[in-house]
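Below is the file work22.cif, which contains mmCIF, C-alpha atoms.
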```
data_structure
#
loop_
_atom_site.group_PDB
_atom_site.id
_atom_site.type_symbol
_atom_site.label_atom_id
_atom_site.label_comp_id
_atom_site.auth_asym_id
_atom_site.auth_seq_id
_atom_site.Cartn_x
_atom_site.Cartn_y
_atom_site.Cartn_z
ATOM 1 C CA MET A 1 22.160 -9.896 -8.231
ATOM 2 C CA MET A 2 20.207 -6.988 -6.787
ATOM 3 C CA LYS A 3 21.438 -3.510 -7.595
ATOM 4 C CA LYS A 4 22.273 -0.686 -5.233
ATOM 5 C CA ILE A 5 21.068 2.835 -5.897
ATOM 6 C CA ASP A 6 23.667 5.463 -6.625
ATOM 7 C CA ASP A 7 24.736 8.055 -4.063
ATOM 8 C CA HIS A 8 22.900 10.896 -5.827
ATOM 9 C CA VAL A 9 19.533 9.094 -5.669
ATOM 10 C CA ALA A 10 20.183 8.112 -2.039
ATOM 11 C CA GLU A 11 20.820 11.760 -1.191
ATOM 12 C CA GLN A 12 17.597 12.830 -2.954
ATOM 13 C CA ILE A 13 15.641 10.324 -0.850
ATOM 14 C CA ARG A 14 17.250 11.585 2.353
ATOM 15 C CA GLU A 15 16.521 15.212 1.405
ATOM 16 C CA SER A 16 12.867 14.406 0.619
ATOM 17 C CA ILE A 17 12.375 12.697 3.961
ATOM 18 C CA THR A 18 14.045 15.562 5.810
ATOM 19 C CA GLU A 19 11.887 18.121 3.977
ATOM 20 C CA ALA A 20 8.711 16.184 4.813
ATOM 21 C CA ILE A 21 9.673 16.096 8.498
ATOM 22 C CA ASN A 22 10.593 19.790 8.455
ATOM 23 C CA SER A 23 7.226 20.640 6.876
ATOM 24 C CA ALA A 24 5.497 19.003 9.852
ATOM 25 C CA ILE A 25 7.094 21.508 12.221
ATOM 26 C CA ARG A 26 7.518 24.550 9.970
ATOM 27 C CA ASP A 27 6.100 27.774 11.348
ATOM 28 C CA LYS A 28 5.632 26.356 14.821
ATOM 29 C CA THR A 29 6.369 29.094 17.331
ATOM 30 C CA ARG A 30 6.149 26.938 20.413
ATOM 31 C CA GLU A 31 8.779 26.018 22.936
ATOM 32 C CA ASP A 32 11.777 23.974 21.835
ATOM 33 C CA GLU A 33 10.506 21.035 23.872
ATOM 34 C CA VAL A 34 7.224 20.898 21.929
ATOM 35 C CA ILE A 35 9.047 21.218 18.599
ATOM 36 C CA SER A 36 11.335 18.344 19.605
ATOM 37 C CA GLU A 37 8.267 16.224 20.303
ATOM 38 C CA LEU A 38 6.864 17.115 16.874
ATOM 39 C CA VAL A 39 10.155 16.121 15.227
ATOM 40 C CA ILE A 40 10.019 12.778 17.018
ATOM 41 C CA ALA A 41 6.389 12.215 15.993
ATOM 42 C CA ALA A 42 7.032 13.203 12.359
ATOM 43 C CA THR A 43 10.155 11.052 12.169
ATOM 44 C CA GLN A 44 8.217 8.080 13.585
ATOM 45 C CA VAL A 45 5.610 8.462 10.825
ATOM 46 C CA GLY A 46 8.422 8.471 8.245
ATOM 47 C CA LEU A 47 10.025 5.416 9.825
ATOM 48 C CA ASP A 48 6.756 3.470 9.975
ATOM 49 C CA HIS A 49 5.977 4.259 6.338
ATOM 50 C CA SER A 50 9.522 3.424 5.224
ATOM 51 C CA GLN A 51 9.319 0.078 7.016
ATOM 52 C CA GLU A 52 6.003 -0.657 5.292
ATOM 53 C CA LEU A 53 7.483 0.254 1.890
ATOM 54 C CA LEU A 54 10.481 -1.977 2.597
ATOM 55 C CA SER A 55 8.189 -4.888 3.478
ATOM 56 C CA GLN A 56 6.241 -4.347 0.267
ATOM 57 C CA ALA A 57 9.451 -4.127 -1.788
ATOM 58 C CA VAL A 58 10.720 -7.391 -0.290
ATOM 59 C CA LEU A 59 7.416 -9.126 -1.075
ATOM 60 C CA ALA A 60 7.480 -7.772 -4.624
ATOM 61 C CA ALA A 61 11.057 -9.006 -5.046
ATOM 62 C CA ARG A 62 10.115 -12.458 -3.746
ATOM 63 C CA HIS A 63 7.176 -12.652 -6.155
ATOM 64 C CA ALA A 64 9.556 -11.633 -8.946
ATOM 65 C CA GLY A 65 11.783 -14.605 -8.069
ATOM 66 C CA VAL A 66 14.536 -12.867 -6.106
ATOM 67 C CA SER A 67 16.105 -15.274 -3.605
ATOM 68 C CA TRP A 68 16.166 -14.739 0.134
ATOM 69 C CA SER A 69 19.983 -14.745 -0.081
ATOM 70 C CA GLU A 70 19.938 -11.812 -2.516
ATOM 71 C CA ILE A 71 17.413 -9.933 -0.386
ATOM 72 C CA GLY A 72 19.493 -10.573 2.725
ATOM 73 C CA ASP A 73 22.612 -9.294 0.938
ATOM 74 C CA GLN A 74 20.773 -6.114 -0.084
ATOM 75 C CA LEU A 75 19.586 -5.566 3.487
ATOM 76 C CA GLY A 76 22.920 -6.453 5.046
ATOM 77 C CA VAL A 77 21.538 -9.447 6.945
ATOM 78 C CA THR A 78 21.542 -13.209 6.498
ATOM 79 C CA LYS A 79 18.933 -14.878 4.327
ATOM 80 C CA GLN A 80 17.468 -16.435 7.482
ATOM 81 C CA ALA A 81 17.095 -13.009 9.118
ATOM 82 C CA ALA A 82 15.404 -11.643 5.982
ATOM 83 C CA GLN A 83 13.005 -14.618 5.903
ATOM 84 C CA GLN A 84 12.127 -14.300 9.574
ATOM 85 C CA ARG A 85 11.405 -10.612 9.294
ATOM 86 C CA TYR A 86 9.594 -10.416 5.946
ATOM 87 C CA ARG A 87 7.942 -13.766 5.277
ATOM 88 C CA VAL A 88 4.178 -13.316 5.076
ATOM 89 C CA THR A 89 2.142 -15.778 7.083
ATOM 90 C CA LYS A 90 -0.928 -13.679 7.836
ATOM 91 C CA THR A 91 -4.273 -14.799 6.474
ATOM 92 C CA PRO A 92 -7.084 -12.262 6.667
ATOM 93 C CA VAL A 93 -10.029 -13.076 8.899
ATOM 94 C CA VAL A 94 -13.255 -13.242 6.931
ATOM 95 C CA GLY A 95 -16.526 -12.226 8.586
ATOM 96 C CA ALA A 96 -20.156 -12.908 7.651
ATOM 97 C CA THR A 97 -20.308 -9.988 5.197
ATOM 98 C CA GLN A 98 -16.803 -10.534 3.851
ATOM 99 C CA ARG A 99 -15.107 -12.848 1.405
ATOM 100 C CA LEU A 100 -11.717 -13.350 -0.163
ATOM 101 C CA LEU A 101 -11.297 -12.716 -3.864
ATOM 102 C CA LYS A 102 -8.461 -15.031 -4.834
ATOM 103 C CA PRO A 103 -6.340 -15.790 -6.614
ATOM 104 C CA VAL A 104 -5.831 -12.472 -8.352
ATOM 105 C CA THR A 105 -2.811 -11.238 -10.261
ATOM 106 C CA ALA A 106 -1.845 -7.887 -11.756
ATOM 107 C CA LEU A 107 -3.292 -9.188 -15.034
ATOM 108 C CA ASN A 108 -6.778 -10.162 -13.814
ATOM 109 C CA GLU A 109 -7.478 -8.399 -10.526
ATOM 110 C CA MET A 110 -9.137 -5.303 -11.985
ATOM 111 C CA ALA A 111 -11.561 -7.384 -14.088
ATOM 112 C CA LYS A 112 -12.371 -9.530 -11.046
ATOM 113 C CA LEU A 113 -12.834 -6.427 -8.887
ATOM 114 C CA ALA A 114 -15.136 -4.905 -11.544
ATOM 115 C CA ASP A 115 -17.313 -8.016 -11.503
ATOM 116 C CA ALA A 116 -17.346 -8.163 -7.697
ATOM 117 C CA GLY A 117 -18.085 -4.423 -7.521
ATOM 118 C CA ALA A 118 -21.125 -4.818 -9.783
ATOM 119 C CA HIS A 119 -22.480 -7.296 -7.216
ATOM 120 C CA GLY A 120 -21.893 -4.928 -4.283
ATOM 121 C CA TRP A 121 -18.512 -6.196 -3.095
ATOM 122 C CA HIS A 122 -15.753 -3.668 -2.435
ATOM 123 C CA SER A 123 -12.139 -4.147 -1.386
ATOM 124 C CA ILE A 124 -11.282 -3.232 2.187
ATOM 125 C CA SER A 125 -7.837 -4.815 2.274
ATOM 126 C CA TYR A 126 -5.546 -6.810 0.056
ATOM 127 C CA GLY A 127 -2.348 -8.758 -0.094
ATOM 128 C CA TRP A 128 -0.408 -10.810 -2.567
ATOM 129 C CA LEU A 129 -2.875 -12.708 -4.740
ATOM 130 C CA TYR A 130 -6.050 -11.683 -2.881
ATOM 131 C CA HIS A 131 -8.448 -8.859 -1.982
ATOM 132 C CA LEU A 132 -10.602 -8.931 1.138
ATOM 133 C CA LEU A 133 -14.060 -7.788 0.065
ATOM 134 C CA GLU A 134 -17.014 -6.483 2.024
ATOM 135 C CA LYS A 135 -20.642 -6.661 0.874
ATOM 136 C CA SER A 136 -22.905 -3.638 0.436
ATOM 137 C CA ASP A 137 -26.191 -2.950 -1.359
ATOM 138 C CA GLN A 138 -24.657 -0.718 -4.036
ATOM 139 C CA GLN A 139 -22.234 -1.189 -6.894
ATOM 140 C CA TRP A 140 -18.576 -0.157 -6.549
ATOM 141 C CA GLU A 141 -15.776 0.667 -8.896
ATOM 142 C CA HIS A 142 -12.121 0.061 -8.163
ATOM 143 C CA HIS A 143 -9.060 1.819 -9.512
ATOM 144 C CA ARG A 144 -5.405 0.806 -9.482
ATOM 145 C CA ASP A 145 -2.671 3.372 -10.045
ATOM 146 C CA GLY A 146 0.965 2.779 -10.795
ATOM 147 C CA PHE A 147 3.459 3.628 -8.065
ATOM 148 C CA PRO A 148 2.150 6.739 -6.332
ATOM 149 C CA ILE A 149 2.659 9.994 -8.184
ATOM 150 C CA PRO A 150 2.797 13.035 -5.877
ATOM 151 C CA GLY A 151 -0.610 14.697 -5.673
ATOM 152 C CA ASN A 152 -2.447 11.932 -7.517
ATOM 153 C CA ARG A 153 -4.091 10.562 -4.370
ATOM 154 C CA LYS A 154 -5.502 13.999 -3.520
ATOM 155 C CA ARG A 155 -6.818 14.418 -7.072
ATOM 156 C CA LEU A 156 -8.552 11.033 -6.962
ATOM 157 C CA GLU A 157 -9.996 11.664 -3.491
ATOM 158 C CA ALA A 158 -11.348 15.001 -4.764
ATOM 159 C CA HIS A 159 -13.312 12.958 -7.335
ATOM 160 C CA GLY A 160 -14.895 10.677 -4.742
ATOM 161 C CA TRP A 161 -12.329 7.880 -4.639
ATOM 162 C CA THR A 162 -11.399 6.337 -1.283
ATOM 163 C CA TRP A 163 -7.831 5.165 -0.851
ATOM 164 C CA ILE A 164 -7.594 1.468 0.098
ATOM 165 C CA GLY A 165 -3.827 1.218 0.347
ATOM 166 C CA THR A 166 -0.473 1.194 -1.370
ATOM 167 C CA THR A 167 1.623 -1.863 -2.131
ATOM 168 C CA TYR A 168 4.610 -1.411 -4.378
ATOM 169 C CA PRO A 169 4.130 -0.745 -7.252
ATOM 170 C CA TRP A 170 0.374 -0.098 -6.959
ATOM 171 C CA GLN A 171 -2.033 1.982 -4.983
ATOM 172 C CA TYR A 172 -5.710 1.044 -4.857
ATOM 173 C CA PHE A 173 -8.867 3.131 -4.664
ATOM 174 C CA LYS A 174 -12.615 2.494 -4.633
ATOM 175 C CA ARG A 175 -15.779 4.532 -4.865
ATOM 176 C CA PRO A 176 -19.442 3.656 -4.588
ATOM 177 C CA LEU A 177 -21.760 4.052 -7.532
ATOM 178 C CA ASP A 178 -25.285 5.274 -6.947
ATOM 179 C CA THR A 179 -26.603 2.063 -8.483
ATOM 180 C CA PRO A 180 -28.094 -0.945 -6.696
ATOM 181 C CA ALA A 181 -25.891 -4.013 -6.688
ATOM 182 C CA PHE A 182 -26.727 -6.905 -9.009
ATOM 183 C CA LYS A 183 -28.086 -9.973 -7.261
ATOM 184 C CA GLU A 184 -25.627 -12.809 -6.753
ATOM 185 C CA SER A 185 -26.133 -15.857 -8.933
ATOM 186 C CA LEU A 186 -26.005 -19.166 -7.106
#
```
As a first step, turn the structure in this file into structure tokens.
Amino acid sequence: MMKKIDDHVAEQIRESITEAINSAIRDKTREDEVISELVIAATQVGLDHSQELLSQAVLAARHAGVSWSEIGDQLGVTKQAAQQRYRVTKTPVVGATQRLLKPVTALNEMAKLADAGAHGWHSISYGWLYHLLEKSDQQWEHHRDGFPIPGNRKRLEAHGWTWIGTTYPWQYFKRPLDTPAFKESL
């Protein structure tokens, strides 16, 4: 059975979201109408990101063996509604300079990305059990962080890392190395 968070944690989440939205409009001395539009825009960003995090959490729960019935109960919908909304059926489109690195798991993906990076392949997207790679003429390194720690993304970007994305509980980064890529072996 999935657990609910306690009221105190729920309130902390609500306060954090409200503070983030308020920071988007703080010190604006424009008309009320413009501020209202900023509140709407900032709230939409929060909603979009929250929906993405929820999708990632559902996928993580499914991969951990949680049933659709339990997920539906947690979301307050039927298992069928949860399946229809969150089931992943997308397959990435691979172009001439792209390939899928699969299957990968939390245990082997960084070693596989290191090998691919040495041959000039870098991740441009990912999903459960795969990374979509793109070819270049230089070597790349990849980095995976545990669930995002405030400020960590900025610190990594300050050291040349490019953010690829965040999927609970990981966030992924890459950076090019000033070294020519190894040739592919046939």
task: Could you state which residues are captured by the PyMOL selection byres ((chain A and resi 45-54) around 8) in this file, as an MDAnalysis selection string?
output: chainID A and resid 17 21 41:44 55:58 167:168
query: How far is it from CA of Leu107 (chain A) to CA of Arg153 (chain A), in Å with one decimal?
result: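 Those two atoms sit 22.5 Å apart.
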- prompt: Mind pulling up the distance from CA of Glu157 (chain A) to CA of Trp170 (chain A)?
  reply: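 Atom-to-atom, CA of Trp170 (chain A) and CA of Glu157 (chain A) are spaced 16.1 Å apart.
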message: For Glu70 (chain A), find every residue with an atom within 12 Å (counting only C-alpha atoms), except residues of its own chain fewer than 5 positions away, and show them as a list of chain:residue names.
response: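 Here the qualifying residues turn out to be A:Met1, A:Met2, A:Lys3, A:Lys4, A:Val58, A:Ala61, A:Arg62, A:Gly65, A:Leu75, A:Gly76, A:Val77, A:Thr78, A:Lys79, A:Gln80, A:Ala82, A:Gln83.
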message: Please expand the PyMOL selection byres ((chain A and resi 119) around 10) into the concrete residues it hits in this file, giving the result as an NGL selection string.
response: :A and (113-118 or 120-122 or 135-140 or 180-185)
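Relative to CA of Gly72 (chain A), CA of Ala20 (chain A) is found at 28.9 Å.
Environment of (-14.2, -6.9, 3.7): residues at most 10 Å away, judged by all atoms listed in the file, are Pro92, Val93, Val94, Gly95, Ala96, Thr97, Gln98, Arg99, Leu100, Leu101, Trp121, His122, Ser123, Ile124, Ser125, Tyr126, His131, Leu132, Leu133, Glu134, Lys135 and Ser136 of chain A.
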Store the residues of this selection in a file with C-alpha atoms, as a PDB file, in the frame of the given file.
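Heads up, here's the output in selection.pdb:
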```
ATOM      1  CA  PRO A  92      -7.084 -12.262   6.667  1.00  0.00           C
ATOM      2  CA  VAL A  93     -10.029 -13.076   8.899  1.00  0.00           C
ATOM      3  CA  VAL A  94     -13.255 -13.242   6.931  1.00  0.00           C
ATOM      4  CA  GLY A  95     -16.526 -12.226   8.586  1.00  0.00           C
ATOM      5  CA  ALA A  96     -20.156 -12.908   7.651  1.00  0.00           C
ATOM      6  CA  THR A  97     -20.308  -9.988   5.197  1.00  0.00           C
ATOM      7  CA  GLN A  98     -16.803 -10.534   3.851  1.00  0.00           C
ATOM      8  CA  ARG A  99     -15.107 -12.848   1.405  1.00  0.00           C
ATOM      9  CA  LEU A 100     -11.717 -13.350  -0.163  1.00  0.00           C
ATOM     10  CA  LEU A 101     -11.297 -12.716  -3.864  1.00  0.00           C
ATOM     11  CA  TRP A 121     -18.512  -6.196  -3.095  1.00  0.00           C
ATOM     12  CA  HIS A 122     -15.753  -3.668  -2.435  1.00  0.00           C
ATOM     13  CA  SER A 123     -12.139  -4.147  -1.386  1.00  0.00           C
ATOM     14  CA  ILE A 124     -11.282  -3.232   2.187  1.00  0.00           C
ATOM     15  CA  SER A 125      -7.837  -4.815   2.274  1.00  0.00           C
ATOM     16  CA  TYR A 126      -5.546  -6.810   0.056  1.00  0.00           C
ATOM     17  CA  HIS A 131      -8.448  -8.859  -1.982  1.00  0.00           C
ATOM     18  CA  LEU A 132     -10.602  -8.931   1.138  1.00  0.00           C
ATOM     19  CA  LEU A 133     -14.060  -7.788   0.065  1.00  0.00           C
ATOM     20  CA  GLU A 134     -17.014  -6.483   2.024  1.00  0.00           C
ATOM     21  CA  LYS A 135     -20.642  -6.661   0.874  1.00  0.00           C
ATOM     22  CA  SER A 136     -22.905  -3.638   0.436  1.00  0.00           C
TER      23      SER A 136
END
```
- request: May I have the residues within 9 Å of Trp163 (chain A) as a list of chain:residue names, using all atoms listed in the file and disregarding those fewer than 4 positions away in the same chain?
  value: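 Residues near the query, excluding close chain neighbours: A:Arg153, A:Leu156, A:Glu157, A:Gln171, A:Tyr172, A:Phe173, A:Lys174, A:Arg175.
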Next, write the just-selected residues to a file, as a compact mmCIF listing (two decimals), in the coordinates of the input, keeping C-alpha atoms as the atom set.
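Result went into result29.txt, see below:
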```
# COMPACT_ATOMS: atom_id res chain seq x y z
CA ARG A 153 -4.09 10.56 -4.37
CA LEU A 156 -8.55 11.03 -6.96
CA GLU A 157 -10.00 11.66 -3.49
CA GLN A 171 -2.03 1.98 -4.98
CA TYR A 172 -5.71 1.04 -4.86
CA PHE A 173 -8.87 3.13 -4.66
CA LYS A 174 -12.62 2.49 -4.63
CA ARG A 175 -15.78 4.53 -4.86
```
- request: Could you give me, as a PyMOL selection string, the residues within 9 Å of Trp128 (chain A), counting only C-alpha atoms and dropping anything in the same chain fewer than 4 positions from it?
  value: chain A and resi 59-60+63+103-105
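Closest approach to Met110 (chain A) among A:Glu141, A:Thr18, A:Val9, A:Arg85 is made by A:Glu141 (distances from all atoms listed in the file).
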